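Working notes, beginning with the structure itself.
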Amino acid sequence: MNLNAPKMLHFVRDGLKLAFFDEGDPNGPPVLLIHGFASTAITNWVNPGWLKTLGDAGYRVIAIDNRGHGLSDKLYDADVYHPWIMAEDAVALLDHLGIAEAHVMGYSMGARVSTFMAIAHPDRVRSLVLGGLGIGMVEGVGDWDPIAEALVAPSLDDVTHARGRMFRAFAEQTKSDRQALAACIQGSRDLASPDDLAKIEAPTLIAVGTKDDIAGSGQELAALMPNAEAIDIPNRDHMLAVGDKIFKAAVLEFYQRLDKR
């Protein structure tokens with residue numbers, strides 16, 4: 001395994017072309033990775049070393065470019081970006097690959113999509129890892145309208161909102177379609193209810209950086225779920241926590257515990 005970009009493949013769901021990679025040990029336990037807002041499968045999971053980490057540990061590593069992101073088709077209607085719709089994209093990828101059940105790991109928006117997947121399709125989710133999103137799953141993560149506005153502003157110089165500048169700069173770094181992202185950020189903010197979270201029986205690991213000012217408490221979210229545990233990622237903010245070695249070690253230990261059963 002190395003950090004080189006893997007070959008991106010495509011499948012079609014309801015006329016929408018969606019990109020993914022399928023790497024690691026083809027005979028290993030499958031892990032489905034769902035990236036965060038304005039990111040891609042490569043940016044979220046290859047560049048920070050997750051593909052290498054999981055592949056070297058013997059896992060089959062699958063990651064999707066969410067609709068509106070990366071090499072997947074771009075849409076400009078906010079109503080097609082609800083998390084339960086993107087969750088169906090993820091399930092369709094498992095169907096396409098003939099995988100009945102997978103460990104599912106999402107970061108930030110991807111954690112929300114992963115949770116909606118577990119709510120709607122509990123039989124497809126062996127376990128959940130939710131990174132970069134804690135009680136914000138239920139309570140919300142603040143006002144994101146300025147981020148949508150920042151994404152469509154004429155230039156970064158026109159953006160004064162701090163979080164808006166961060167995501168605008170990130171979108172430019174990933175060469176994203178900013179109009180599609182603006183639609184996505186308006187449509188993907190649906191909250192999960194405590195009642196729905198209480199029904200998720202899949203073993204769950206929640207990991208949030210101690211300097212993350214977006215996610216909310218991982219421990220508070222874990223308290224709403226019957227089989228969840230939370231860890232802190234020390235001294236990491238929302239952007240830097242994703243590749244942290246403590247996060248990776250915790251996920252490997254979590255998976256090894258489950259796969260020994």
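Labeling convention for the structure tokens: chains A, B, ... as they appear, residues from 1 per chain, ligands from 1 in order of appearance.
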Report task. Please provide as a PyMOL selection string all residues within 8 Å of Met105 in chain A, with the sequence filter that same-chain residues fewer than 5 positions apart are discarded (counting only C-alpha atoms). Result -> chain A and resi 31-34+110-111+114+128-131
Go ahead and write the residues just picked, N, CA, C and O atoms, as a JSON list (two decimals), in the first residue's frame.
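And here is the file that came out, part.json:
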```
[["chain", "number", "residue", "atom", "x", "y", "z"],
["A", 31, "VAL", "N", -14.62, -2.13, 4.66],
["A", 31, "VAL", "CA", -14.85, -0.86, 5.34],
["A", 31, "VAL", "C", -15.29, 0.15, 4.29],
["A", 31, "VAL", "O", -14.57, 0.38, 3.31],
["A", 32, "LEU", "N", -16.47, 0.73, 4.47],
["A", 32, "LEU", "CA", -16.98, 1.75, 3.57],
["A", 32, "LEU", "C", -16.76, 3.13, 4.19],
["A", 32, "LEU", "O", -17.21, 3.39, 5.31],
["A", 33, "LEU", "N", -16.04, 3.99, 3.47],
["A", 33, "LEU", "CA", -15.68, 5.31, 3.96],
["A", 33, "LEU", "C", -16.51, 6.38, 3.26],
["A", 33, "LEU", "O", -16.62, 6.39, 2.03],
["A", 34, "ILE", "N", -17.07, 7.31, 4.05],
["A", 34, "ILE", "CA", -17.92, 8.37, 3.50],
["A", 34, "ILE", "C", -17.36, 9.72, 3.95],
["A", 34, "ILE", "O", -17.33, 10.03, 5.14],
["A", 110, "GLY", "N", -20.07, 13.19, 6.33],
["A", 110, "GLY", "CA", -20.08, 11.75, 6.10],
["A", 110, "GLY", "C", -20.52, 10.96, 7.31],
["A", 110, "GLY", "O", -21.10, 9.88, 7.18],
["A", 111, "ALA", "N", -20.25, 11.49, 8.51],
["A", 111, "ALA", "CA", -20.74, 10.84, 9.73],
["A", 111, "ALA", "C", -22.26, 10.94, 9.79],
["A", 111, "ALA", "O", -22.94, 9.99, 10.21],
["A", 114, "SER", "N", -23.57, 8.45, 7.30],
["A", 114, "SER", "CA", -23.39, 7.10, 7.84],
["A", 114, "SER", "C", -24.46, 6.78, 8.87],
["A", 114, "SER", "O", -24.97, 5.64, 8.93],
["A", 128, "LEU", "N", -20.23, 1.36, 13.19],
["A", 128, "LEU", "CA", -20.15, 2.77, 12.79],
["A", 128, "LEU", "C", -18.94, 3.43, 13.43],
["A", 128, "LEU", "O", -18.67, 3.22, 14.62],
["A", 129, "VAL", "N", -18.20, 4.19, 12.65],
["A", 129, "VAL", "CA", -17.24, 5.13, 13.19],
["A", 129, "VAL", "C", -17.67, 6.51, 12.73],
["A", 129, "VAL", "O", -17.82, 6.77, 11.53],
["A", 130, "LEU", "N", -17.92, 7.40, 13.69],
["A", 130, "LEU", "CA", -18.37, 8.75, 13.40],
["A", 130, "LEU", "C", -17.27, 9.72, 13.82],
["A", 130, "LEU", "O", -17.02, 9.91, 15.01],
["A", 131, "GLY", "N", -16.59, 10.31, 12.85],
["A", 131, "GLY", "CA", -15.53, 11.26, 13.13],
["A", 131, "GLY", "C", -16.00, 12.68, 12.85],
["A", 131, "GLY", "O", -16.79, 12.92, 11.94]]
```
Requested in this report: Between A:His69, A:Lys245, A:Arg60, A:His82, single out the one closest to Thr174 in chain A, counting only C-alpha atoms.
Outcome: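 The closest residue to Thr174 in chain A is A:His69.
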Report task. Extract the full set of strand (DSSP E) residues from range 151-207 of chain A according to DSSP on the backbone, and format it as a list in words. Result ->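 DSSP-assigned strand (DSSP E) residues in range 151-207 of chain A: Thr204, Leu205, Ile206 and Ala207 of chain A.
For the pair CA of Phe37 in chain A and CA of Leu258 in chain A, the separation is 28.5 Å.
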Query raised in the report: Just how far from CA of Val251 in chain A is CA of Trp50 in chain A, in Å to one decimal?
Result: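 Here the two named atoms are 10.3 Å from each other.
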Query raised in the report: So which bits of range 7-212 of chain A end up alpha helix (DSSP H) when you DSSP the backbone, as an NGL selection string?
Result: :A and (41 or 50-56 or 83-97 or 109-120 or 136-139 or 145-152 or 162-173 or 178-187 or 194-198)
Query - Residue nearest Ala198 in chain A - candidates A:Gly49, A:Gly24, A:Pro226, A:Gly164, atoms counted: only C-alpha atoms - result: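 Between A:Gly49, A:Gly24, A:Pro226, A:Gly164, the residue approaching Ala198 in chain A most closely is A:Pro226.
Within the 9 Å cut-off around Asp145 in chain A, using only C-alpha atoms and omitting residues fewer than 6 positions from it on the same chain, the listed residues are Gly164, Ala182, Ile185 and Gln186 of chain A.
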Query - For Gln179 in chain A: contacts at 8 Å, only C-alpha atoms, fewer than 6 positions along chain excluded, given as number ranges by chain - result: A: 76, 151-152
Dump N, CA, C and O atoms for the selected residues as a PDB file, in the first residue's frame?
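So the final result, stored in result-v9.pdb, reads:
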```
ATOM      1  N   TYR A  76     -27.522  20.706  -8.615  1.00  0.00           N
ATOM      2  CA  TYR A  76     -27.613  22.081  -8.117  1.00  0.00           C
ATOM      3  C   TYR A  76     -28.927  22.377  -7.402  1.00  0.00           C
ATOM      4  O   TYR A  76     -29.270  23.519  -7.190  1.00  0.00           O
ATOM      5  N   LEU A 151     -19.199  30.223  -0.629  1.00  0.00           N
ATOM      6  CA  LEU A 151     -18.845  29.345  -1.739  1.00  0.00           C
ATOM      7  C   LEU A 151     -19.144  29.969  -3.101  1.00  0.00           C
ATOM      8  O   LEU A 151     -18.464  29.681  -4.084  1.00  0.00           O
ATOM      9  N   VAL A 152     -20.165  30.823  -3.141  1.00  0.00           N
ATOM     10  CA  VAL A 152     -20.549  31.412  -4.426  1.00  0.00           C
ATOM     11  C   VAL A 152     -20.123  32.870  -4.546  1.00  0.00           C
ATOM     12  O   VAL A 152     -20.449  33.532  -5.530  1.00  0.00           O
TER      13      VAL A 152
END
```
Report task. Would you mind telling me which residue in A:Val12, A:Ala250, A:Ala148, A:Leu181 lies nearest to Tyr81 in chain A when using only C-alpha atoms? Result ->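 Ranked by minimum distance to Tyr81 in chain A, first place goes to A:Leu181.
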**Report entry** Selection: 12 Å around range 234-239 of chain A, only C-alpha atoms, excl. self and same-chain fewer than 2 positions, as an NGL selection string
**Finding:** :A and (36-39 or 43-44 or 48 or 107-109 or 131-134 or 141 or 163 or 166-167 or 170 or 207-216 or 231-232 or 241-247)
Requested in this report: Please measure the separation of CA of Asn227 in chain A and CA of Ala100 in chain A, giving the value in Å to one decimal.
Outcome: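 These atoms are spaced 21.3 Å apart.
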